[in-house]
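Okay, start01.csv now, which holds CSV, C-alpha atoms and all ligand atoms:
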```
chain,number,residue,atom,x,y,z
H,179,MET,CA,81.4,91.4,176.8
H,180,PHE,CA,82.8,94.9,177.7
H,181,LYS,CA,84.3,96.5,174.5
H,182,ILE,CA,86.9,99.3,174.8
H,183,THR,CA,85.8,101.9,172.2
H,184,ARG,CA,86.8,105.5,171.8
H,185,ASP,CA,83.5,106.7,173.2
H,186,ALA,CA,83.8,104.3,176.2
H,187,ILE,CA,87.2,105.9,177.1
H,188,ILE,CA,85.8,109.4,176.7
H,189,ILE,CA,82.8,108.6,178.9
H,190,TRP,CA,85.0,106.9,181.5
H,191,PHE,CA,87.1,110.1,181.8
H,192,ARG,CA,84.1,112.4,181.8
H,193,ASN,CA,82.6,110.5,184.7
H,194,ARG,CA,85.8,110.8,186.7
H,195,PHE,CA,87.2,114.2,185.7
H,196,PRO,CA,85.1,117.4,185.6
H,197,VAL,CA,85.8,118.1,181.9
H,198,ASP,CA,82.4,119.6,181.3
H,199,THR,CA,82.5,121.9,184.3
H,200,LEU,CA,85.9,123.2,183.2
H,201,ALA,CA,84.8,123.6,179.6
H,202,ARG,CA,81.7,125.5,180.8
H,203,HIS,CA,83.8,127.8,183.0
H,204,LEU,CA,86.3,128.5,180.2
H,205,LYS,CA,83.4,129.4,177.9
H,206,THR,CA,81.9,131.9,180.3
H,207,LYS,CA,85.2,133.6,181.2
H,208,GLN,CA,85.7,137.0,179.5
H,209,VAL,CA,88.6,139.4,179.0
H,210,PRO,CA,87.9,143.2,179.1
H,211,GLN,CA,88.9,145.1,176.0
H,212,HIS,CA,90.4,148.6,176.3
H,213,ARG,CA,93.5,150.6,175.3
H,214,HIS,CA,95.6,148.9,178.0
H,215,SER,CA,94.6,145.3,177.1
H,216,ILE,CA,98.1,144.6,175.8
H,217,TRP,CA,99.4,144.3,179.3
H,218,TYR,CA,97.2,141.3,179.9
H,219,TYR,CA,99.7,139.2,177.9
H,220,PHE,CA,102.6,139.6,180.3
H,221,GLY,CA,101.4,137.2,183.0
H,222,GLY,CA,100.9,134.6,180.3
H,223,LEU,CA,104.4,135.3,178.8
H,224,THR,CA,106.0,134.9,182.3
H,225,LEU,CA,104.2,131.6,182.5
H,226,PHE,CA,105.6,130.5,179.1
H,227,PHE,CA,109.2,131.3,180.2
H,228,PHE,CA,108.6,129.5,183.5
H,229,ILE,CA,107.5,126.3,181.6
H,230,VAL,CA,110.6,126.6,179.3
H,231,GLN,CA,112.8,126.9,182.5
H,232,PHE,CA,111.3,123.8,183.9
H,233,VAL,CA,111.7,121.7,180.9
H,234,THR,CA,115.3,122.8,180.0
H,235,GLY,CA,116.3,122.7,183.7
H,236,ILE,CA,115.3,119.0,183.8
H,237,LEU,CA,117.3,118.3,180.7
H,238,LEU,CA,120.4,120.1,182.1
H,239,MET,CA,120.1,118.1,185.3
H,240,PHE,CA,120.7,114.9,183.4
H,241,TYR,CA,124.3,115.9,182.8
H,242,TYR,CA,125.2,118.6,185.4
H,243,ARG,CA,127.3,117.5,188.4
H,244,PRO,CA,127.1,119.7,191.5
H,245,THR,CA,130.6,119.4,193.0
H,246,PRO,CA,133.4,121.9,192.7
H,247,ASP,CA,135.6,119.2,191.0
H,248,HIS,CA,133.0,118.4,188.3
H,249,ALA,CA,130.6,121.3,187.9
H,250,TYR,CA,132.7,123.3,185.4
H,251,GLU,CA,133.7,120.2,183.5
H,252,SER,CA,130.1,119.0,183.3
H,253,ILE,CA,129.0,122.3,181.8
H,254,LEU,CA,131.8,122.0,179.2
H,255,PHE,CA,130.6,118.5,178.5
H,256,ILE,CA,127.0,119.8,178.0
H,257,MET,CA,128.2,122.5,175.7
H,258,HIS,CA,130.6,120.4,173.5
H,259,GLU,CA,129.6,116.8,173.8
H,260,VAL,CA,125.9,116.5,174.4
H,261,ARG,CA,123.8,116.8,171.3
H,262,PHE,CA,122.0,120.2,171.3
H,263,GLY,CA,123.4,120.7,174.8
H,264,TRP,CA,124.7,124.2,174.0
H,265,VAL,CA,121.2,125.3,172.8
H,266,ILE,CA,119.4,123.9,175.8
H,267,ARG,CA,121.9,125.6,178.1
H,268,SER,CA,121.6,128.9,176.1
H,269,ILE,CA,117.8,128.7,176.2
H,270,HIS,CA,117.8,128.1,179.9
H,271,SER,CA,120.0,131.1,180.6
H,272,TRP,CA,118.3,133.5,178.2
H,273,ALA,CA,114.8,132.4,179.2
H,274,ALA,CA,115.7,133.1,182.8
H,275,ASN,CA,116.5,136.7,181.9
H,276,LEU,CA,113.5,137.1,179.7
H,277,MET,CA,111.2,135.7,182.4
H,278,ILE,CA,112.5,138.2,184.9
H,279,ALA,CA,111.9,141.0,182.4
H,280,THR,CA,108.3,139.9,181.6
H,281,LEU,CA,107.7,139.4,185.3
H,282,PHE,CA,108.8,143.0,186.1
H,283,ILE,CA,106.5,144.3,183.2
H,284,HIS,CA,103.6,142.1,184.6
H,285,LEU,CA,104.1,143.5,188.1
H,286,ILE,CA,104.4,147.1,186.9
H,287,SER,CA,101.3,146.8,184.7
H,288,VAL,CA,99.1,145.2,187.5
H,289,PHE,CA,100.4,148.0,189.8
H,290,TYR,CA,99.3,150.8,187.4
H,291,MET,CA,96.0,149.1,186.7
H,292,GLN,CA,95.5,148.7,190.4
H,293,ALA,CA,94.5,145.0,189.7
H,294,TYR,CA,95.5,144.2,193.3
H,295,ARG,CA,92.3,145.7,194.7
H,296,PRO,CA,89.7,143.4,196.3
H,297,PRO,CA,89.1,140.6,195.7
H,298,ARG,CA,92.5,140.0,194.1
H,299,GLU,CA,94.8,140.8,197.1
H,300,LEU,CA,96.0,137.1,197.3
H,301,MET,CA,96.9,137.2,193.6
H,302,TRP,CA,99.1,140.3,194.4
H,303,ILE,CA,100.7,138.7,197.5
H,304,SER,CA,101.4,135.4,195.8
H,305,GLY,CA,102.8,137.5,192.9
H,306,VAL,CA,105.3,139.4,195.1
H,307,ILE,CA,106.4,136.1,196.8
H,308,LEU,CA,106.9,134.7,193.3
H,309,LEU,CA,109.0,137.7,192.4
H,310,GLY,CA,111.3,136.9,195.4
H,311,LEU,CA,111.4,133.2,194.4
H,312,VAL,CA,112.3,134.0,190.8
H,313,LEU,CA,115.1,136.3,191.9
H,314,GLY,CA,116.2,133.4,194.2
H,315,PHE,CA,116.3,131.1,191.1
H,316,GLY,CA,118.6,133.7,189.4
H,317,PHE,CA,120.9,134.0,192.4
H,318,THR,CA,121.2,130.2,193.1
H,319,GLY,CA,121.6,129.3,189.5
H,320,TYR,CA,124.4,131.8,188.9
H,321,LEU,CA,127.0,129.8,190.9
H,322,LEU,CA,126.2,126.5,189.3
H,323,PRO,CA,128.6,126.8,186.3
H,324,TRP,CA,131.4,127.3,188.8
H,325,ASP,CA,133.3,129.8,186.6
H,326,GLU,CA,135.2,132.9,187.9
H,327,MET,CA,132.3,135.3,187.5
H,328,ALA,CA,129.9,133.0,189.2
H,329,PHE,CA,132.2,132.3,192.1
H,330,TYR,CA,133.1,136.0,192.9
H,331,ALA,CA,129.6,137.3,192.2
H,332,THR,CA,128.2,134.8,194.7
H,333,GLN,CA,130.9,135.7,197.2
H,334,ILE,CA,129.8,139.4,197.0
H,335,GLY,CA,126.1,138.4,196.9
H,336,THR,CA,126.2,136.2,200.0
H,337,GLU,CA,128.3,138.9,201.8
H,338,ILE,CA,125.4,141.5,201.4
H,339,PRO,CA,123.1,140.3,204.2
H,340,ARG,CA,126.1,140.2,206.6
H,341,SER,CA,125.6,143.8,207.6
H,342,ILE,CA,122.1,143.3,208.8
H,343,PRO,CA,122.2,143.6,212.6
H,344,VAL,CA,121.9,140.4,214.8
H,345,ILE,CA,120.9,137.9,212.0
H,346,GLY,CA,123.2,139.1,209.2
H,347,GLU,CA,126.1,136.8,209.9
H,348,SER,CA,123.9,133.8,210.4
H,349,ILE,CA,122.2,134.4,207.0
H,350,MET,CA,125.5,134.5,205.3
H,351,ILE,CA,126.7,131.3,206.9
H,352,LEU,CA,123.3,129.6,206.1
H,353,LEU,CA,123.7,130.6,202.5
H,354,ARG,CA,127.3,129.5,202.2
H,355,GLY,CA,127.1,126.4,204.4
H,356,GLY,CA,130.2,127.8,206.2
H,357,ARG,CA,132.2,131.0,206.4
H,358,GLU,CA,133.7,130.6,202.9
H,359,ILE,CA,132.3,129.7,199.5
H,360,GLY,CA,133.1,126.1,198.8
H,361,SER,CA,131.6,122.7,198.1
H,362,ALA,CA,128.9,123.1,200.8
H,363,THR,CA,127.7,126.4,199.1
H,364,LEU,CA,127.4,124.7,195.7
H,365,THR,CA,125.4,121.8,197.2
H,366,ARG,CA,123.1,124.3,198.9
H,367,MET,CA,122.6,126.5,195.9
H,368,TYR,CA,121.9,123.4,193.8
H,369,ALA,CA,119.4,122.0,196.3
H,370,LEU,CA,117.6,125.3,196.5
H,371,HIS,CA,117.7,125.8,192.7
H,372,VAL,CA,116.3,122.4,191.7
H,373,VAL,CA,114.2,121.3,194.6
H,374,VAL,CA,113.2,123.9,197.2
H,375,LEU,CA,112.5,126.9,194.9
H,376,PRO,CA,110.7,124.8,192.2
H,377,LEU,CA,108.4,123.2,194.7
H,378,ILE,CA,107.3,126.4,196.4
H,379,THR,CA,107.1,128.2,193.0
H,380,LEU,CA,104.9,125.4,191.5
H,381,PHE,CA,102.5,125.7,194.4
H,382,LEU,CA,102.3,129.5,194.2
H,383,VAL,CA,102.0,129.6,190.4
H,384,GLY,CA,99.2,127.1,190.7
H,385,LEU,CA,97.4,129.2,193.3
H,386,HIS,CA,98.0,132.4,191.3
H,387,LEU,CA,96.5,130.8,188.1
H,388,PHE,CA,93.6,129.2,190.0
H,389,LEU,CA,92.7,132.6,191.5
H,390,ASN,CA,93.0,134.2,188.1
H,391,GLN,CA,90.5,131.6,186.7
H,392,TYR,CA,88.2,132.0,189.7
H,393,TYR,CA,88.0,135.9,189.7
H,394,GLY,CA,88.6,136.5,186.0
H,395,VAL,CA,90.5,139.4,184.6
H,396,SER,CA,90.0,142.8,186.2
H,397,ARG,CA,89.2,146.1,184.4
H,398,PRO,CA,91.5,149.0,185.4
H,399,VAL,CA,89.8,151.6,187.6
H,400,LYS,CA,89.7,154.6,185.3
H,401,VAL,CA,88.7,152.6,182.2
H,402,LYS,CA,85.0,152.7,181.3
H,403,LYS,CA,83.3,149.8,179.5
H,404,LYS,CA,83.3,151.0,175.9
H,405,LYS,CA,84.0,147.8,174.0
H,406,GLU,CA,82.4,144.5,174.6
H,407,PRO,CA,84.7,142.0,176.4
H,408,ILE,CA,86.0,139.1,174.4
H,409,LYS,CA,85.6,135.4,175.3
H,410,PHE,CA,88.7,133.9,177.0
H,411,PHE,CA,88.1,130.6,175.2
H,412,PRO,CA,88.9,130.4,172.3
H,413,ASN,CA,89.5,134.1,171.4
H,414,PHE,CA,91.9,135.4,174.1
H,415,MET,CA,93.6,132.0,174.4
H,416,LEU,CA,94.4,132.0,170.7
H,417,ARG,CA,95.9,135.5,171.1
H,418,ASP,CA,97.9,134.2,174.1
H,419,ILE,CA,99.2,131.4,172.0
H,420,ARG,CA,100.2,133.9,169.3
H,421,ALA,CA,102.2,135.8,172.0
H,422,TRP,CA,103.8,132.6,173.1
H,423,LEU,CA,104.8,131.7,169.6
H,424,GLY,CA,106.4,135.2,169.2
H,425,ALA,CA,108.2,134.7,172.5
H,426,MET,CA,109.5,131.3,171.4
H,427,LEU,CA,110.8,132.8,168.1
H,428,VAL,CA,112.6,135.6,170.0
H,429,LEU,CA,114.0,133.2,172.6
H,430,LEU,CA,115.3,130.7,170.0
H,431,SER,CA,116.8,133.4,167.8
H,432,ILE,CA,118.7,135.0,170.8
H,433,ALA,CA,119.8,131.6,172.2
H,434,MET,CA,121.2,130.4,168.9
H,435,LEU,CA,122.6,133.7,167.5
H,436,SER,CA,124.2,134.6,170.9
H,437,PRO,CA,125.0,131.4,172.7
H,438,TRP,CA,125.4,131.8,176.5
H,439,GLY,CA,129.1,132.0,177.4
H,440,LEU,CA,131.3,130.4,180.0
H,441,GLY,CA,134.2,132.1,181.7
H,442,GLU,CA,137.4,130.6,183.1
H,443,GLU,CA,137.1,127.9,185.7
H,444,ALA,CA,136.9,129.4,189.3
H,445,ASP,CA,140.3,129.2,191.0
H,446,LEU,CA,140.1,129.8,194.7
H,447,LEU,CA,143.8,130.7,194.8
H,448,LYS,CA,143.7,133.5,192.2
H,449,PRO,CA,142.7,137.1,193.2
H,450,ALA,CA,139.2,138.3,192.1
H,451,PRO,CA,139.2,139.6,188.5
H,452,GLU,CA,138.2,143.2,187.8
H,453,GLY,CA,134.6,144.3,187.1
H,454,ILE,CA,132.7,141.6,188.9
H,455,LYS,CA,129.0,142.6,188.8
H,456,PRO,CA,125.8,140.7,189.7
H,457,GLU,CA,123.1,140.0,187.1
H,458,TRP,CA,121.2,143.1,185.9
H,459,TYR,CA,118.2,142.5,188.2
H,460,PHE,CA,120.4,142.9,191.3
H,461,LEU,CA,122.2,146.0,190.0
H,462,PRO,CA,120.0,148.6,191.8
H,463,LEU,CA,120.8,147.1,195.2
H,464,TYR,CA,124.5,146.6,194.2
H,465,GLN,CA,124.8,150.2,193.0
H,466,THR,CA,123.0,151.7,196.0
H,467,LEU,CA,125.4,149.8,198.3
H,468,LYS,CA,128.3,151.2,196.3
H,469,ILE,CA,127.3,154.8,196.5
H,470,VAL,CA,126.1,154.9,200.1
H,471,PRO,CA,128.7,156.2,202.6
H,472,SER,CA,129.9,153.5,205.1
H,473,ARG,CA,128.4,155.5,208.0
H,474,ILE,CA,125.2,157.5,208.0
H,475,TRP,CA,124.8,159.4,211.2
H,476,TYR,CA,124.9,156.6,213.9
H,477,PHE,CA,124.1,153.8,211.5
H,478,ASP,CA,126.1,151.4,209.3
H,479,GLY,CA,125.3,152.5,205.7
H,480,GLU,CA,125.2,149.0,204.2
H,481,ALA,CA,122.9,147.7,207.0
H,482,LEU,CA,120.6,150.7,206.4
H,483,VAL,CA,120.4,150.0,202.6
H,484,ASN,CA,119.6,146.3,203.3
H,485,ILE,CA,116.9,147.3,205.8
H,486,ILE,CA,115.4,149.9,203.4
H,487,PHE,CA,115.2,147.3,200.5
H,488,LEU,CA,113.6,144.7,202.9
H,489,LEU,CA,111.1,147.3,204.1
H,490,GLY,CA,110.4,148.2,200.4
H,491,GLY,CA,109.6,144.5,199.8
H,492,LEU,CA,107.3,144.3,202.8
H,493,LEU,CA,105.5,147.5,201.7
H,494,LEU,CA,105.0,146.0,198.2
H,495,VAL,CA,103.4,142.9,199.8
H,496,ALA,CA,101.1,145.1,201.9
H,497,LEU,CA,100.1,147.4,199.0
H,498,PRO,CA,96.5,146.1,198.6
H,499,PHE,CA,95.9,147.0,202.3
H,500,ILE,CA,97.8,150.3,202.2
H,501,ASP,CA,95.9,151.6,199.2
H,502,ARG,CA,92.6,152.4,200.7
H,503,LYS,CA,91.3,154.3,197.7
H,504,SER,CA,91.6,151.2,195.4
H,505,ARG,CA,89.4,149.3,197.8
H,506,ASN,CA,86.6,151.7,196.7
H,507,ASP,CA,87.5,151.3,193.1
H,508,GLU,CA,89.0,154.8,193.0
H,509,ASN,CA,92.1,155.9,191.1
H,510,ASN,CA,95.0,156.5,193.6
H,511,MET,CA,97.4,159.1,191.9
H,512,PHE,CA,99.5,159.4,195.1
H,513,ILE,CA,100.5,155.7,195.1
H,514,LYS,CA,101.1,155.8,191.4
H,515,ILE,CA,103.4,158.8,191.7
H,516,ILE,CA,105.4,157.1,194.5
H,517,GLY,CA,105.6,153.9,192.4
H,518,THR,CA,106.8,155.9,189.4
H,519,ILE,CA,109.6,157.6,191.5
H,520,VAL,CA,110.8,154.2,192.9
H,521,LEU,CA,110.7,152.8,189.3
H,522,ILE,CA,112.7,155.7,187.9
H,523,TYR,CA,115.2,155.3,190.7
H,524,LEU,CA,115.7,151.6,190.0
H,525,ILE,CA,116.1,152.1,186.3
H,526,ILE,CA,118.6,155.0,186.7
H,527,LEU,CA,120.7,152.9,189.1
H,528,THR,CA,120.6,149.9,186.8
H,529,ILE,CA,121.9,152.1,183.9
H,530,ILE,CA,124.6,153.7,186.1
H,531,ALA,CA,125.8,150.3,187.4
H,532,TYR,CA,125.8,148.9,183.8
H,533,ILE,CA,128.0,151.6,182.3
H,534,ASP,CA,130.1,152.1,185.5
O,601,LIG,C1,106.1,133.3,188.1
O,601,LIG,C2,105.5,134.5,188.2
O,601,LIG,C3,104.1,134.8,187.7
O,601,LIG,C4,103.3,134.2,186.8
O,601,LIG,C5,103.6,132.9,186.0
O,601,LIG,C6,102.1,135.0,186.7
O,601,LIG,C7,101.0,134.6,185.8
O,601,LIG,C8,99.8,135.4,185.7
O,601,LIG,C9,98.8,135.1,184.7
O,601,LIG,C10,98.9,134.1,183.6
O,601,LIG,C11,97.8,136.1,184.9
O,601,LIG,C12,96.6,136.3,184.1
O,601,LIG,C13,96.8,137.2,182.9
O,601,LIG,C14,97.2,138.6,183.3
O,601,LIG,O1,96.4,139.3,183.8
O,601,LIG,O2,98.4,139.0,183.0
O,601,LIG,C15,98.2,136.8,186.1
O,601,LIG,C16,97.4,137.8,186.7
O,601,LIG,C17,97.8,138.6,187.8
O,601,LIG,N1,99.0,138.6,188.4
O,601,LIG,FE1,100.6,137.4,188.0
O,601,LIG,N2,102.1,136.0,187.5
O,601,LIG,C18,103.4,136.0,188.1
O,601,LIG,C19,103.8,137.0,189.0
O,601,LIG,C20,103.1,138.1,189.5
O,601,LIG,C21,103.7,139.2,190.2
O,601,LIG,C22,105.1,139.4,190.6
O,601,LIG,C23,102.6,140.0,190.6
O,601,LIG,C24,102.6,141.3,191.4
O,601,LIG,C25,103.3,141.5,192.4
O,601,LIG,C26,101.4,139.4,190.0
O,601,LIG,C27,100.1,139.9,190.2
O,601,LIG,C28,99.0,139.5,189.4
O,601,LIG,C29,97.7,140.1,189.5
O,601,LIG,C30,97.2,141.1,190.6
O,601,LIG,C31,96.9,139.5,188.5
O,601,LIG,C32,95.4,139.8,188.2
O,601,LIG,C33,95.4,140.8,187.0
O,601,LIG,C34,94.0,141.1,186.6
O,601,LIG,O3,93.1,140.4,187.0
O,601,LIG,O4,93.9,142.1,185.9
O,601,LIG,N3,101.8,138.3,189.3
O,601,LIG,N4,99.4,136.4,186.6
```

Would you mind writing the file out in structure tokens?
Amino acid sequence: MFKITRDAIIIWFRNRFPVDTLARHLKTKQVPQHRHSIWYYFGGLTLFFFIVQFVTGILLMFYYRPTPDHAYESILFIMHEVRFGWVIRSIHSWAANLMIATLFIHLISVFYMQAYRPPRELMWISGVILLGLVLGFGFTGYLLPWDEMAFYATQIGTEIPRSIPVIGESIMILLRGGREIGSATLTRMYALHVVVLPLITLFLVGLHLFLNQYYGVSRPVKVKKKKEPIKFFPNFMLRDIRAWLGAMLVLLSIAMLSPWGLGEEADLLKPAPEGIKPEWYFLPLYQTLKIVPSRIWYFDGEALVNIIFLLGGLLLVALPFIDRKSRNDENNMFIKIIGTIVLIYLIILTIIAYID
């Protein structure tokens, strides 16, 4: 008679799932060691926060109600009635910000290490799309609590594309589900936030990680091989886990010591309060729109800024093909200087917008 033993179960899985091939691959993968190795942790940290977002987001969905009549009330319920609801909400909001911060650091570090050079172009392109998706998560999630700040910031945010010639008005109506912000906007933002964006993001994160396993970790152009690389499994993986534990400690401390707040409920009849600002990661665009004159030569200033930011995004996607030097494994100082100027501009504008 067939007996179900521990060994029989293991053999059954081994014959149906390529455990051995995966284990062999993990054992052969190596991570280069050099003075910039610390930056290798930021992709993994972004992944950690992404997982946190996924889990806490599902927990919040159990209680959140996406209608203007119930949204605010359901957030109050989560914060005051649901056991540990306030912590889960606080973790979700703080981890969103920390994820965007680690994502920016990850992008900047792979930019300076020129890790986008062949054969990793698709890793870079999937990464830039992921950046857009993650910012999309931030934008769509902001309206969900339906408090004053969320309502008016979304009003300003959805107004921004309006100035783009020909398609601007349609983009605004598409985002709002009408001319004004209302119940249709909330339904759309919710559907985007919990279904559309997660599905595309999951697929792209999967692709990004698969390519990372396939090609391994790159060595920056200028760095010569001085130290021996370390094994990914178990050595680098254990270091990654240490970084994840550190990130968890920081996240839990901030989320508990500084719980995420909630403003007054949005009242469509009241005038917009003073000092409405978008989240910090949209501040460079917001501040540029603020300082630019309404007309520049023959052009509408706002439309011009939108188009320049869009072109900037496209140039970022195309970077592996623009940077011809990196294709020959050469250091490209020119691209790095341009990148540094753009970065300094974005940081300065964020600071100005913050203290303004
Ligand atoms: C949800 C967002 C993202 C996640 C979860 C993620 C995750 C990761 C992980 C775990 C690695 C391997 C470890 C490392 O080298 O840091 C990696 C590598 C890489 N990522 Fe990302 N990443 C994301 C977004 C981005 C963005 C925005 C870019 C750039 C535009 C990017 C470009 C790359 C490149 C080029 C590599 C290869 C680095 C190398 O081999 O040295 N990623 N990513």

TODO: Could you please extract the residues within 7 Å of ligand LIG 601 (chain O), counting all atoms listed in the file, and hand them back as an MDAnalysis selection string?
DONE: chainID H and resid 217:222 224:225 228 281:282 284:285 288 293:294 298:299 301:303 305:306 308:309 312 383 386:387 390 394:397

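Around the point (88.1, 154.6, 176.9), within 12 Å and counting all atoms listed in the file, we find these residues: H:Pro210, H:Gln211, H:His212, H:Arg213, H:His214, H:Ser215, H:Arg397, H:Pro398, H:Val399, H:Lys400, H:Val401, H:Lys402, H:Lys403, H:Lys404, H:Lys405, H:Glu406.
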
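Counting only C-alpha atoms and comparing H:Ile269, H:Ile516, H:Met350, H:Leu238, the residue that lies closest to H:Met434 is H:Ile269.
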
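Residue nearest H:Leu524, chosen from H:Ser268, H:Thr466, H:Asn509, H:Ser341 and counting all atoms listed in the file: H:Thr466.
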
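Atom CA of H:Gly517 is found 25.3 Å from atom CA of H:Ile474.
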
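Atom CA of H:Phe289 is found 9.8 Å from atom CA of H:Leu494.
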
- [ ] Please provide as a ChimeraX atom specification all residues within 8 Å of stretch 446-463 of chain H, with the sequence filter that same-chain residues fewer than 4 positions apart are discarded (counting only C-alpha atoms).
- [x] /H:278,313,326-327,330-331,335,467,483,487,524-525,527-528,531-532

Based on the selection just made, write C-alpha atoms of those residues as a PDB file, keeping the file's coordinate frame.
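Generated file (again_17.pdb):
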```pdb
ATOM      1  CA  ILE H 278     112.500 138.200 184.900  1.00  0.00           C
ATOM      2  CA  LEU H 313     115.100 136.300 191.900  1.00  0.00           C
ATOM      3  CA  GLU H 326     135.200 132.900 187.900  1.00  0.00           C
ATOM      4  CA  MET H 327     132.300 135.300 187.500  1.00  0.00           C
ATOM      5  CA  TYR H 330     133.100 136.000 192.900  1.00  0.00           C
ATOM      6  CA  ALA H 331     129.600 137.300 192.200  1.00  0.00           C
ATOM      7  CA  GLY H 335     126.100 138.400 196.900  1.00  0.00           C
ATOM      8  CA  LEU H 467     125.400 149.800 198.300  1.00  0.00           C
ATOM      9  CA  VAL H 483     120.400 150.000 202.600  1.00  0.00           C
ATOM     10  CA  PHE H 487     115.200 147.300 200.500  1.00  0.00           C
ATOM     11  CA  LEU H 524     115.700 151.600 190.000  1.00  0.00           C
ATOM     12  CA  ILE H 525     116.100 152.100 186.300  1.00  0.00           C
ATOM     13  CA  LEU H 527     120.700 152.900 189.100  1.00  0.00           C
ATOM     14  CA  THR H 528     120.600 149.900 186.800  1.00  0.00           C
ATOM     15  CA  ALA H 531     125.800 150.300 187.400  1.00  0.00           C
ATOM     16  CA  TYR H 532     125.800 148.900 183.800  1.00  0.00           C
TER      17      TYR H 532
END
```

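One finds atom CA of H:Ile486 at 22.8 Å from atom CA of H:Ile283.
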
Each stretch 392-506 of chain H residue no farther than 10 Å from stretch 250-254 of chain H, nearest pair in Å, all atoms listed in the file, as JSON lines:
```
{"residue": "H:Leu440", "atom": "CA", "partner": "H:Leu254", "partner_atom": "CA", "distance": 8.5}
{"residue": "H:Gly441", "atom": "CA", "partner": "H:Tyr250", "partner_atom": "CA", "distance": 9.7}
{"residue": "H:Glu442", "atom": "CA", "partner": "H:Tyr250", "partner_atom": "CA", "distance": 9.0}
{"residue": "H:Glu443", "atom": "CA", "partner": "H:Tyr250", "partner_atom": "CA", "distance": 6.4}
{"residue": "H:Ala444", "atom": "CA", "partner": "H:Tyr250", "partner_atom": "CA", "distance": 8.4}
```

TODO: Go through H:Leu321, H:Val197, H:Ile229, H:Ala421 and flag the residue nearest H:Leu364, using only C-alpha atoms for the distances.
DONE: H:Leu321

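For the residues H:Arg202, H:Arg354, H:His248, H:Arg420, ranking by smallest atom-to-atom distance to H:Thr332 using only C-alpha atoms places H:Arg354 first.
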
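Using all atoms listed in the file, the smallest distance between any of H:Pro246, H:Ile342, H:Leu385, H:Glu337 and H:Asp325 comes from H:Pro246.
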
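Here the question is which of H:Ile286, H:Ser431, H:Pro296, H:Phe226 gets nearest to H:Val520 using only C-alpha atoms, and that residue is H:Ile286.
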
Rebuild stretch 368-380 of chain H so that it carries N, CA and C atoms, then output the result as an mmCIF file, in the coordinates of the input.
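The resulting file, selection-v1.cif, is shown below:
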```cif
data_model
loop_
_atom_site.group_PDB
_atom_site.id
_atom_site.type_symbol
_atom_site.label_atom_id
_atom_site.label_comp_id
_atom_site.auth_asym_id
_atom_site.auth_seq_id
_atom_site.Cartn_x
_atom_site.Cartn_y
_atom_site.Cartn_z
ATOM 1 N N TYR H 368 122.494 124.353 194.710
ATOM 2 C CA TYR H 368 121.900 123.400 193.800
ATOM 3 C C TYR H 368 120.574 122.851 194.373
ATOM 4 N N ALA H 369 120.593 122.483 195.657
ATOM 5 C CA ALA H 369 119.400 122.000 196.300
ATOM 6 C C ALA H 369 118.263 123.007 196.249
ATOM 7 N N LEU H 370 118.624 124.261 196.521
ATOM 8 C CA LEU H 370 117.600 125.300 196.500
ATOM 9 C C LEU H 370 117.086 125.501 195.056
ATOM 10 N N HIS H 371 118.038 125.485 194.087
ATOM 11 C CA HIS H 371 117.700 125.800 192.700
ATOM 12 C C HIS H 371 116.808 124.684 192.071
ATOM 13 N N VAL H 372 117.072 123.411 192.401
ATOM 14 C CA VAL H 372 116.300 122.400 191.700
ATOM 15 C C VAL H 372 115.250 121.674 192.512
ATOM 16 N N VAL H 373 115.222 121.909 193.836
ATOM 17 C CA VAL H 373 114.200 121.300 194.600
ATOM 18 C C VAL H 373 113.324 122.286 195.405
ATOM 19 N N VAL H 374 113.969 123.022 196.304
ATOM 20 C CA VAL H 374 113.200 123.900 197.200
ATOM 21 C C VAL H 374 112.424 124.965 196.452
ATOM 22 N N LEU H 375 113.140 125.764 195.661
ATOM 23 C CA LEU H 375 112.500 126.900 194.900
ATOM 24 C C LEU H 375 111.416 126.347 193.943
ATOM 25 N N PRO H 376 111.730 125.306 193.127
ATOM 26 C CA PRO H 376 110.700 124.800 192.200
ATOM 27 C C PRO H 376 109.423 124.358 192.913
ATOM 28 N N LEU H 377 109.570 123.650 194.064
ATOM 29 C CA LEU H 377 108.400 123.200 194.700
ATOM 30 C C LEU H 377 107.485 124.300 195.218
ATOM 31 N N ILE H 378 108.116 125.290 195.884
ATOM 32 C CA ILE H 378 107.300 126.400 196.400
ATOM 33 C C ILE H 378 106.722 127.205 195.209
ATOM 34 N N THR H 379 107.550 127.398 194.170
ATOM 35 C CA THR H 379 107.100 128.200 193.000
ATOM 36 C C THR H 379 105.918 127.497 192.317
ATOM 37 N N LEU H 380 106.026 126.175 192.146
ATOM 38 C CA LEU H 380 104.900 125.400 191.500
ATOM 39 C C LEU H 380 103.634 125.627 192.233
#
```
